[in-house]
file query-v5.pdb (PDB, C-alpha atoms and all ligand atoms)
ATOM      1  CA  MET A   8      57.155 137.325 157.243
ATOM      2  CA  SER A   9      60.265 137.982 155.131
ATOM      3  CA  LEU A  10      63.641 136.910 156.515
ATOM      4  CA  LEU A  11      64.702 140.566 156.641
ATOM      5  CA  MET A  12      61.684 141.520 158.728
ATOM      6  CA  GLN A  13      62.255 138.555 161.029
ATOM      7  CA  GLN A  14      65.893 139.538 161.590
ATOM      8  CA  LEU A  15      64.995 143.186 162.100
ATOM      9  CA  LYS A  16      62.496 142.191 164.776
ATOM     10  CA  GLU A  17      65.111 140.099 166.578
ATOM     11  CA  THR A  18      67.604 142.957 166.461
ATOM     12  CA  VAL A  19      65.017 145.449 167.663
ATOM     13  CA  SER A  20      63.861 143.319 170.572
ATOM     14  CA  PHE A  21      67.508 142.855 171.653
ATOM     15  CA  ILE A  22      68.137 146.621 171.569
ATOM     16  CA  GLN A  23      64.864 147.332 173.377
ATOM     17  CA  LYS A  24      66.133 145.273 176.293
ATOM     18  CA  GLU A  25      69.287 147.411 176.433
ATOM     19  CA  PHE A  26      67.979 150.915 175.676
ATOM     20  CA  PRO A  27      64.713 152.752 176.346
ATOM     21  CA  SER A  28      62.869 153.153 173.003
ATOM     22  CA  ASP A  29      62.237 156.871 173.221
ATOM     23  CA  ALA A  30      64.776 158.233 170.730
ATOM     24  CA  ALA A  31      63.123 160.085 167.853
ATOM     25  CA  VAL A  32      66.360 161.136 166.165
ATOM     26  CA  GLY A  33      69.077 158.899 164.737
ATOM     27  CA  ILE A  34      72.552 160.057 163.757
ATOM     28  CA  ILE A  35      75.103 158.299 161.548
ATOM     29  CA  LEU A  36      78.641 159.597 161.632
ATOM     30  CA  GLY A  37      80.974 159.605 158.661
ATOM     31  CA  SER A  38      84.712 159.136 158.183
ATOM     32  CA  GLY A  39      86.788 161.097 160.670
ATOM     33  CA  LEU A  40      83.678 162.555 162.297
ATOM     34  CA  GLY A  41      83.461 160.165 165.238
ATOM     35  CA  ASN A  42      84.510 162.741 167.857
ATOM     36  CA  PHE A  43      81.013 164.169 167.640
ATOM     37  CA  ILE A  44      80.038 161.546 170.200
ATOM     38  CA  GLU A  45      81.774 163.710 172.819
ATOM     39  CA  GLU A  46      78.803 166.085 172.506
ATOM     40  CA  ILE A  47      76.405 163.372 173.588
ATOM     41  CA  GLY A  48      75.436 162.628 177.156
ATOM     42  CA  ILE A  49      75.978 158.905 176.657
ATOM     43  CA  GLU A  50      73.683 156.735 178.723
ATOM     44  CA  LYS A  51      74.544 153.401 177.197
ATOM     45  CA  GLU A  52      76.409 151.941 174.248
ATOM     46  CA  ILE A  53      76.543 148.550 172.579
ATOM     47  CA  PRO A  54      79.344 147.377 170.267
ATOM     48  CA  TYR A  55      77.948 146.328 166.899
ATOM     49  CA  SER A  56      79.511 142.900 167.393
ATOM     50  CA  ALA A  57      77.100 142.261 170.313
ATOM     51  CA  ILE A  58      73.944 143.122 168.347
ATOM     52  CA  PRO A  59      72.228 140.189 166.613
ATOM     53  CA  HIS A  60      72.318 140.431 162.783
ATOM     54  CA  PHE A  61      74.250 143.727 162.865
ATOM     55  CA  PRO A  62      77.165 144.007 160.433
ATOM     56  CA  VAL A  63      80.538 145.027 161.906
ATOM     57  CA  SER A  64      82.436 147.993 160.450
ATOM     58  CA  THR A  65      85.971 147.395 159.259
ATOM     59  CA  VAL A  66      87.297 150.793 158.194
ATOM     60  CA  LYS A  67      89.890 152.944 159.947
ATOM     61  CA  GLY A  68      88.167 156.005 161.454
ATOM     62  CA  HIS A  69      84.883 154.171 162.044
ATOM     63  CA  GLY A  70      84.208 153.245 165.666
ATOM     64  CA  GLY A  71      81.595 150.516 165.577
ATOM     65  CA  LYS A  72      79.094 151.071 168.342
ATOM     66  CA  LEU A  73      75.477 152.015 168.789
ATOM     67  CA  ILE A  74      75.014 154.758 171.360
ATOM     68  CA  TYR A  75      71.934 155.864 173.265
ATOM     69  CA  GLY A  76      72.047 159.230 174.966
ATOM     70  CA  THR A  77      70.939 162.832 175.169
ATOM     71  CA  LEU A  78      71.839 165.676 172.829
ATOM     72  CA  SER A  79      70.351 169.171 173.176
ATOM     73  CA  GLY A  80      67.763 167.754 175.564
ATOM     74  CA  LYS A  81      66.606 165.098 173.068
ATOM     75  CA  LYS A  82      67.062 161.347 173.202
ATOM     76  CA  VAL A  83      69.184 160.171 170.300
ATOM     77  CA  LEU A  84      70.499 156.945 168.826
ATOM     78  CA  VAL A  85      73.935 157.365 167.314
ATOM     79  CA  MET A  86      75.846 155.019 165.070
ATOM     80  CA  SER A  87      79.507 155.632 165.542
ATOM     81  CA  GLY A  88      80.728 153.916 162.406
ATOM     82  CA  ARG A  89      78.676 152.974 159.383
ATOM     83  CA  PHE A  90      78.674 150.156 156.851
ATOM     84  CA  HIS A  91      79.776 150.734 153.288
ATOM     85  CA  PHE A  92      79.036 148.808 150.137
ATOM     86  CA  TYR A  93      82.786 148.764 149.338
ATOM     87  CA  GLU A  94      83.464 146.732 152.481
ATOM     88  CA  GLY A  95      81.615 143.881 150.862
ATOM     89  CA  TYR A  96      78.292 144.391 152.598
ATOM     90  CA  THR A  97      75.161 144.051 150.548
ATOM     91  CA  PRO A  98      72.932 147.136 150.215
ATOM     92  CA  ILE A  99      70.531 145.342 152.623
ATOM     93  CA  GLN A 100      73.311 145.217 155.238
ATOM     94  CA  VAL A 101      74.405 148.797 154.576
ATOM     95  CA  THR A 102      70.877 150.018 155.250
ATOM     96  CA  TYR A 103      70.087 147.568 158.062
ATOM     97  CA  PRO A 104      70.688 150.105 160.887
ATOM     98  CA  ILE A 105      68.347 152.629 159.259
ATOM     99  CA  ARG A 106      65.550 150.098 159.340
ATOM    100  CA  VAL A 107      66.393 149.129 162.897
ATOM    101  CA  MET A 108      66.183 152.790 163.893
ATOM    102  CA  LYS A 109      62.807 153.122 162.186
ATOM    103  CA  LEU A 110      61.414 150.126 164.045
ATOM    104  CA  LEU A 111      62.774 151.573 167.299
ATOM    105  CA  GLY A 112      60.674 154.706 166.744
ATOM    106  CA  VAL A 113      63.211 157.048 165.128
ATOM    107  CA  HIS A 114      61.506 159.418 162.656
ATOM    108  CA  THR A 115      64.398 161.684 161.661
ATOM    109  CA  VAL A 116      67.956 160.752 160.685
ATOM    110  CA  LEU A 117      70.981 162.996 160.426
ATOM    111  CA  LEU A 118      73.778 161.670 158.228
ATOM    112  CA  SER A 119      77.300 162.980 157.842
ATOM    113  CA  ASN A 120      80.033 162.041 155.432
ATOM    114  CA  ALA A 121      83.375 162.971 153.968
ATOM    115  CA  ALA A 122      83.236 163.808 150.272
ATOM    116  CA  GLY A 123      85.372 164.972 147.382
ATOM    117  CA  SER A 124      84.378 168.189 145.665
ATOM    118  CA  VAL A 125      83.892 168.741 141.954
ATOM    119  CA  ASN A 126      82.482 172.244 142.443
ATOM    120  CA  PRO A 127      85.195 174.833 141.709
ATOM    121  CA  THR A 128      83.826 177.204 144.377
ATOM    122  CA  TYR A 129      84.319 174.654 147.179
ATOM    123  CA  LYS A 130      87.464 174.206 149.242
ATOM    124  CA  VAL A 131      88.770 171.602 151.658
ATOM    125  CA  GLY A 132      87.029 171.895 155.020
ATOM    126  CA  ASP A 133      83.792 173.359 153.610
ATOM    127  CA  LEU A 134      80.477 172.020 154.845
ATOM    128  CA  MET A 135      77.787 171.208 152.311
ATOM    129  CA  ILE A 136      74.148 170.529 153.095
ATOM    130  CA  ILE A 137      72.994 167.812 150.723
ATOM    131  CA  ASN A 138      69.833 169.007 149.023
ATOM    132  CA  ASP A 139      69.641 166.170 146.507
ATOM    133  CA  HIS A 140      71.600 163.180 145.326
ATOM    134  CA  ILE A 141      72.388 161.096 142.277
ATOM    135  CA  SER A 142      72.560 157.389 142.894
ATOM    136  CA  PHE A 143      73.215 156.139 139.387
ATOM    137  CA  PHE A 144      76.621 154.811 140.387
ATOM    138  CA  SER A 145      75.536 152.918 143.498
ATOM    139  CA  LEU A 146      73.214 149.934 143.823
ATOM    140  CA  ASN A 147      69.684 150.723 144.916
ATOM    141  CA  PRO A 148      69.051 149.054 148.295
ATOM    142  CA  LEU A 149      65.390 148.487 147.426
ATOM    143  CA  LEU A 150      66.199 146.101 144.556
ATOM    144  CA  GLY A 151      64.476 142.756 144.993
ATOM    145  CA  HIS A 152      61.441 141.769 146.999
ATOM    146  CA  ASN A 153      59.731 144.805 148.558
ATOM    147  CA  VAL A 154      59.106 144.513 152.281
ATOM    148  CA  GLU A 155      55.648 146.083 152.465
ATOM    149  CA  GLU A 156      55.871 146.505 156.252
ATOM    150  CA  LEU A 157      58.719 148.957 155.656
ATOM    151  CA  GLY A 158      57.431 150.960 152.718
ATOM    152  CA  PRO A 159      56.046 151.067 149.165
ATOM    153  CA  ARG A 160      57.438 149.400 146.044
ATOM    154  CA  PHE A 161      57.993 152.701 144.223
ATOM    155  CA  PRO A 162      58.900 155.421 146.731
ATOM    156  CA  ASP A 163      58.713 159.051 145.665
ATOM    157  CA  MET A 164      62.122 160.754 145.740
ATOM    158  CA  THR A 165      61.209 164.396 145.085
ATOM    159  CA  GLU A 166      62.290 165.447 148.564
ATOM    160  CA  PRO A 167      64.918 162.963 149.733
ATOM    161  CA  TYR A 168      66.354 165.563 152.129
ATOM    162  CA  SER A 169      63.831 167.437 154.252
ATOM    163  CA  LYS A 170      63.430 171.035 153.097
ATOM    164  CA  ALA A 171      62.238 172.000 156.573
ATOM    165  CA  LEU A 172      65.407 170.626 158.176
ATOM    166  CA  ILE A 173      67.585 172.296 155.533
ATOM    167  CA  ALA A 174      65.916 175.653 156.291
ATOM    168  CA  LYS A 175      66.505 175.162 160.023
ATOM    169  CA  ALA A 176      70.159 174.227 159.442
ATOM    170  CA  ILE A 177      70.727 177.315 157.288
ATOM    171  CA  ASN A 178      69.321 179.552 160.011
ATOM    172  CA  ILE A 179      71.506 177.886 162.631
ATOM    173  CA  ALA A 180      74.587 178.281 160.419
ATOM    174  CA  LYS A 181      73.800 181.985 159.874
ATOM    175  CA  ALA A 182      73.302 182.557 163.594
ATOM    176  CA  HIS A 183      76.770 181.105 164.264
ATOM    177  CA  ASN A 184      78.486 182.687 161.278
ATOM    178  CA  ILE A 185      79.279 179.293 159.797
ATOM    179  CA  GLU A 186      79.471 179.216 156.025
ATOM    180  CA  VAL A 187      77.568 176.304 154.490
ATOM    181  CA  LYS A 188      77.150 175.331 150.874
ATOM    182  CA  GLN A 189      74.168 173.457 149.473
ATOM    183  CA  GLY A 190      74.459 170.948 146.704
ATOM    184  CA  VAL A 191      74.138 167.557 145.099
ATOM    185  CA  TYR A 192      75.911 164.465 146.436
ATOM    186  CA  VAL A 193      76.812 161.780 143.943
ATOM    187  CA  GLY A 194      76.998 158.317 145.471
ATOM    188  CA  VAL A 195      79.639 155.940 144.137
ATOM    189  CA  THR A 196      80.693 152.510 145.327
ATOM    190  CA  GLY A 197      84.390 153.272 145.893
ATOM    191  CA  PRO A 198      86.768 152.120 147.238
ATOM    192  CA  THR A 199      88.926 153.784 144.597
ATOM    193  CA  PHE A 200      88.880 157.554 144.633
ATOM    194  CA  GLU A 201      87.789 158.747 141.215
ATOM    195  CA  THR A 202      89.972 159.121 138.164
ATOM    196  CA  LYS A 203      90.234 162.668 136.828
ATOM    197  CA  ALA A 204      87.871 161.716 134.003
ATOM    198  CA  GLU A 205      85.353 160.364 136.527
ATOM    199  CA  TYR A 206      85.479 163.566 138.584
ATOM    200  CA  ARG A 207      84.812 165.505 135.362
ATOM    201  CA  LEU A 208      81.862 163.214 134.594
ATOM    202  CA  ILE A 209      80.433 163.714 138.091
ATOM    203  CA  LYS A 210      80.660 167.468 137.633
ATOM    204  CA  ALA A 211      79.067 167.233 134.180
ATOM    205  CA  VAL A 212      76.058 165.257 135.429
ATOM    206  CA  GLY A 213      75.279 167.907 138.025
ATOM    207  CA  GLY A 214      77.137 166.773 141.122
ATOM    208  CA  ASP A 215      78.855 169.080 143.581
ATOM    209  CA  VAL A 216      80.509 166.415 145.718
ATOM    210  CA  VAL A 217      81.092 162.677 145.488
ATOM    211  CA  GLY A 218      81.264 160.075 148.212
ATOM    212  CA  MET A 219      80.966 156.389 149.060
ATOM    213  CA  SER A 220      78.076 156.390 151.539
ATOM    214  CA  THR A 221      74.778 158.112 152.419
ATOM    215  CA  VAL A 222      72.753 157.480 149.256
ATOM    216  CA  GLN A 223      71.721 153.928 150.108
ATOM    217  CA  GLU A 224      70.943 154.954 153.692
ATOM    218  CA  ASN A 225      68.898 157.867 152.427
ATOM    219  CA  ILE A 226      66.868 155.664 150.086
ATOM    220  CA  ALA A 227      66.088 153.156 152.851
ATOM    221  CA  ALA A 228      65.095 155.983 155.192
ATOM    222  CA  VAL A 229      62.821 157.655 152.634
ATOM    223  CA  HIS A 230      61.310 154.265 151.805
ATOM    224  CA  CYS A 231      60.197 153.786 155.397
ATOM    225  CA  GLY A 232      58.928 157.337 155.749
ATOM    226  CA  MET A 233      61.705 158.987 157.724
ATOM    227  CA  GLN A 234      62.905 162.582 157.377
ATOM    228  CA  VAL A 235      66.565 162.918 156.420
ATOM    229  CA  PHE A 236      69.117 165.666 156.863
ATOM    230  CA  ALA A 237      72.623 165.085 155.518
ATOM    231  CA  MET A 238      75.828 167.034 155.448
ATOM    232  CA  SER A 239      79.130 166.519 153.638
ATOM    233  CA  VAL A 240      82.508 167.728 154.743
ATOM    234  CA  VAL A 241      84.671 168.499 151.725
ATOM    235  CA  THR A 242      87.881 166.581 152.346
ATOM    236  CA  ASP A 243      89.543 166.748 148.937
ATOM    237  CA  ILE A 244      89.218 168.458 145.591
ATOM    238  CA  GLY A 245      88.523 166.148 142.678
ATOM    239  CA  ILE A 246      88.658 168.782 139.950
ATOM    240  CA  ARG A 247      92.146 170.212 140.284
ATOM    241  CA  GLU A 248      95.065 171.390 138.228
ATOM    242  CA  ASP A 249      97.846 169.885 140.313
ATOM    243  CA  GLU A 250      98.956 166.293 140.250
ATOM    244  CA  ASN A 251      98.523 165.547 143.957
ATOM    245  CA  VAL A 252      97.150 162.176 144.948
ATOM    246  CA  ILE A 253      94.205 161.767 147.330
ATOM    247  CA  THR A 254      94.786 159.624 150.400
ATOM    248  CA  HIS A 255      92.478 158.265 153.074
ATOM    249  CA  GLU A 256      94.705 159.939 155.699
ATOM    250  CA  GLU A 257      94.191 163.348 154.091
ATOM    251  CA  VAL A 258      90.431 162.733 154.030
ATOM    252  CA  LEU A 259      90.365 161.850 157.753
ATOM    253  CA  GLU A 260      92.542 164.868 158.600
ATOM    254  CA  ALA A 261      90.301 167.320 156.715
ATOM    255  CA  ALA A 262      87.158 165.804 158.249
ATOM    256  CA  LYS A 263      88.634 166.245 161.722
ATOM    257  CA  GLY A 264      89.382 169.904 161.020
ATOM    258  CA  ALA A 265      85.780 170.613 160.044
ATOM    259  CA  GLU A 266      84.269 168.516 162.807
ATOM    260  CA  PRO A 267      83.664 171.317 165.359
ATOM    261  CA  LYS A 268      81.495 173.265 162.869
ATOM    262  CA  LEU A 269      79.556 170.167 161.874
ATOM    263  CA  SER A 270      79.100 169.128 165.511
ATOM    264  CA  LEU A 271      77.688 172.519 166.421
ATOM    265  CA  LEU A 272      75.222 172.441 163.531
ATOM    266  CA  PHE A 273      74.056 168.901 164.267
ATOM    267  CA  LYS A 274      73.716 169.630 167.967
ATOM    268  CA  GLU A 275      71.608 172.730 167.451
ATOM    269  CA  LEU A 276      69.560 171.085 164.729
ATOM    270  CA  VAL A 277      68.669 168.179 167.026
ATOM    271  CA  GLY A 278      67.485 170.766 169.546
ATOM    272  CA  GLU A 279      64.974 172.024 166.976
ATOM    273  CA  ILE A 280      63.578 168.640 165.906
TER     274      ILE A 280
HETATM  275  N1  LIG A 301      85.556 160.464 146.221
HETATM  276  C1  LIG A 301      84.750 159.546 146.775
HETATM  277  N2  LIG A 301      84.580 159.443 148.072
HETATM  278  C2  LIG A 301      85.213 160.301 148.876
HETATM  279  C3  LIG A 301      86.061 161.291 148.355
HETATM  280  C4  LIG A 301      86.242 161.370 146.960
HETATM  281  O1  LIG A 301      86.993 162.214 146.419
HETATM  282  N3  LIG A 301      86.537 161.978 149.416
HETATM  283  C5  LIG A 301      85.983 161.442 150.533
HETATM  284  N4  LIG A 301      85.188 160.419 150.210
END
call {"tool": "encode", "arguments": {"input": "query-v5.pdb", "output": "structure tokens", "more": "lines below"}}
Ligand code: HPA
result
Amino acid sequence: MSLLMQQLKETVSFIQKEFPSDAAVGIILGSGLGNFIEEIGIEKEIPYSAIPHFPVSTVKGHGGKLIYGTLSGKKVLVMSGRFHFYEGYTPIQVTYPIRVMKLLGVHTVLLSNAAGSVNPTYKVGDLMIINDHISFFSLNPLLGHNVEELGPRFPDMTEPYSKALIAKAINIAKAHNIEVKQGVYVGVTGPTFETKAEYRLIKAVGGDVVGMSTVQENIAAVHCGMQVFAMSVVTDIGIREDENVITHEEVLEAAKGAEPKLSLLFKELVGEI
């Protein structure tokens, strides 16, 4: 057995002693979106630092605990705080929780993130359903030895984000009069926000938003056969005339403002999974 598989099994058997293994849906919360956990009927939580082989998140705005509870009548596993490549974690570490979720029986993951927009029709606070991504600027987490127990060497990526879940989310948004965009997320490593020339490049290659997470998690989830739904909150505008700088504080603030809309959509979507 590969070392990764061995570690995953140790992590999973630890979590199975703490939580029942009946959650079919996993949720990973992005920057400034941690208050969503208030929607969950929390039954138990474990700090990442107590979980064998789990990385520990270091960024402001990321909580750092694995939560088991109920949302819309469904059992869910929620990661409050995720791991980013820019923190110094390897892509294997960034995607570790996705694989743990899979081995715990999770078949669908919902991901959220804060992102900068390069689409001139978007504004700060908008929600965007990710319908595709470009990962050319971030390292593929499947590089290296393929763990056959998890998935195939060459996974198909024609539907990285479930069309069925996107259709459900659009209906939910309509029913609640919430405006949602749909577009392409470009994954970068960060931690610098982009230069103006880089934002222009991202727009030119077909991106609508850009962010520092999600893509590696998505790839690992697709690899092991999970369905993914992902949503960005637009927290800053990359393509802009003015000379304002982009700060992490502004990103967290904008994410917080949009959180109630995102929470409602995620909550209702979980109810329909
Ligand atoms: N670029 C990259 N990542 C981000 C941005 C951005 O403009 N905003 C929030 N996360």
call {"tool": "residues_around", "arguments": {"input": "query-v5.pdb", "residues": "segment 134-140 of chain A", "least_positions_apart": "4", "cutoff": "9 Å", "atoms": "all atoms listed in the file", "output": "PyMOL selection string"}}
result
chain A and resi 129+165-170+173+176-177+185-194+214+216+222+236-241+265+268-269
call {"tool": "residues_near_ligand", "arguments": {"input": "query-v5.pdb", "ligand": "ligand LIG 301 (chain A)", "cutoff": "7 Å", "atoms": "all atoms listed in the file", "output": "PyMOL selection string"}}
result
chain A and resi 121-124+195+197+200-201+217-219+242-245+258
call {"tool": "closest_residue", "arguments": {"input": "query-v5.pdb", "among": "A:Gly76, A:Gly88, A:Pro54, A:Gly278", "to": "Phe26 of chain A", "atoms": "only C-alpha atoms"}}
result
A:Gly76
call {"tool": "residues_around", "arguments": {"input": "query-v5.pdb", "residues": "Leu40 of chain A", "least_positions_apart": "4", "cutoff": "12 Å", "atoms": "all atoms listed in the file", "output": "PyMOL selection string"}}
result
chain A and resi 34-36+44-46+67-70+86-89+118-121+238-240+242+258-270+273
call {"tool": "closest_residue", "arguments": {"input": "query-v5.pdb", "among": "A:Val19, A:Leu110, A:Ala31, A:Leu117", "to": "Thr77 of chain A", "atoms": "all atoms listed in the file"}}
result
A:Ala31
call {"tool": "closest_residue", "arguments": {"input": "query-v5.pdb", "among": "A:Ala174, A:Thr221, A:Thr196, A:Ile47", "to": "Phe143 of chain A", "atoms": "only C-alpha atoms"}}
result
A:Thr196
call {"tool": "axis_aligned_box", "arguments": {"input": "query-v5.pdb", "around": "segment 178-182 of chain A", "padding_each_side": "6 Å", "output": "JSON"}}
result
{"center_x": 72.0, "center_y": 180.2, "center_z": 161.7, "size_x": 17.3, "size_y": 16.7, "size_z": 15.7}
call {"tool": "closest_residue", "arguments": {"input": "query-v5.pdb", "among": "A:Leu157, A:Ala180, A:Val63, A:Met164", "to": "Ile105 of chain A", "atoms": "all atoms listed in the file"}}
result
A:Leu157
call {"tool": "closest_residue", "arguments": {"input": "query-v5.pdb", "among": "A:Gly33, A:Pro27, A:Gly80, A:Gly95", "to": "Val113 of chain A", "atoms": "only C-alpha atoms"}}
result
A:Gly33
call {"tool": "resolve_selection", "arguments": {"input": "query-v5.pdb", "expression": "the PyMOL selection byres (((chain A and resi 10) around 12) and not hetatm)", "output": "list in words"}}
result
Met8, Ser9, Leu11, Met12, Gln13, Gln14, Leu15, Lys16, Glu17, His60, Ile99, His152, Asn153 and Val154 of chain A
call {"tool": "residues_near_point", "arguments": {"input": "query-v5.pdb", "point": "(78.2, 150.3, 171.0)", "cutoff": "8 Å", "atoms": "all atoms listed in the file", "output": "PDB file with C-alpha atoms, in the frame of the given file"}}
result
ATOM      1  CA  LYS A  51      74.544 153.401 177.197  1.00  0.00           C
ATOM      2  CA  GLU A  52      76.409 151.941 174.248  1.00  0.00           C
ATOM      3  CA  ILE A  53      76.543 148.550 172.579  1.00  0.00           C
ATOM      4  CA  PRO A  54      79.344 147.377 170.267  1.00  0.00           C
ATOM      5  CA  TYR A  55      77.948 146.328 166.899  1.00  0.00           C
ATOM      6  CA  GLY A  71      81.595 150.516 165.577  1.00  0.00           C
ATOM      7  CA  LYS A  72      79.094 151.071 168.342  1.00  0.00           C
ATOM      8  CA  LEU A  73      75.477 152.015 168.789  1.00  0.00           C
ATOM      9  CA  ILE A  74      75.014 154.758 171.360  1.00  0.00           C
ATOM     10  CA  MET A  86      75.846 155.019 165.070  1.00  0.00           C
ATOM     11  CA  SER A  87      79.507 155.632 165.542  1.00  0.00           C
TER      12      SER A  87
END
call {"tool": "atom_distance", "arguments": {"input": "query-v5.pdb", "atom1": "atom CA of Leu271 of chain A", "atom2": "atom CA of Val131 of chain A"}}
result
18.5 Å
call {"tool": "atom_distance", "arguments": {"input": "query-v5.pdb", "atom1": "atom CA of Tyr96 of chain A", "atom2": "atom CA of Ser28 of chain A"}}
result
27.0 Å
call {"tool": "atom_distance", "arguments": {"input": "query-v5.pdb", "atom1": "atom CA of Glu50 of chain A", "atom2": "atom CA of Tyr103 of chain A"}}
result
22.9 Å
call {"tool": "closest_residue", "arguments": {"input": "query-v5.pdb", "among": "A:Asp215, A:Gly151, A:Ala30, A:Gly41", "to": "Asp133 of chain A", "atoms": "only C-alpha atoms"}}
result
A:Asp215
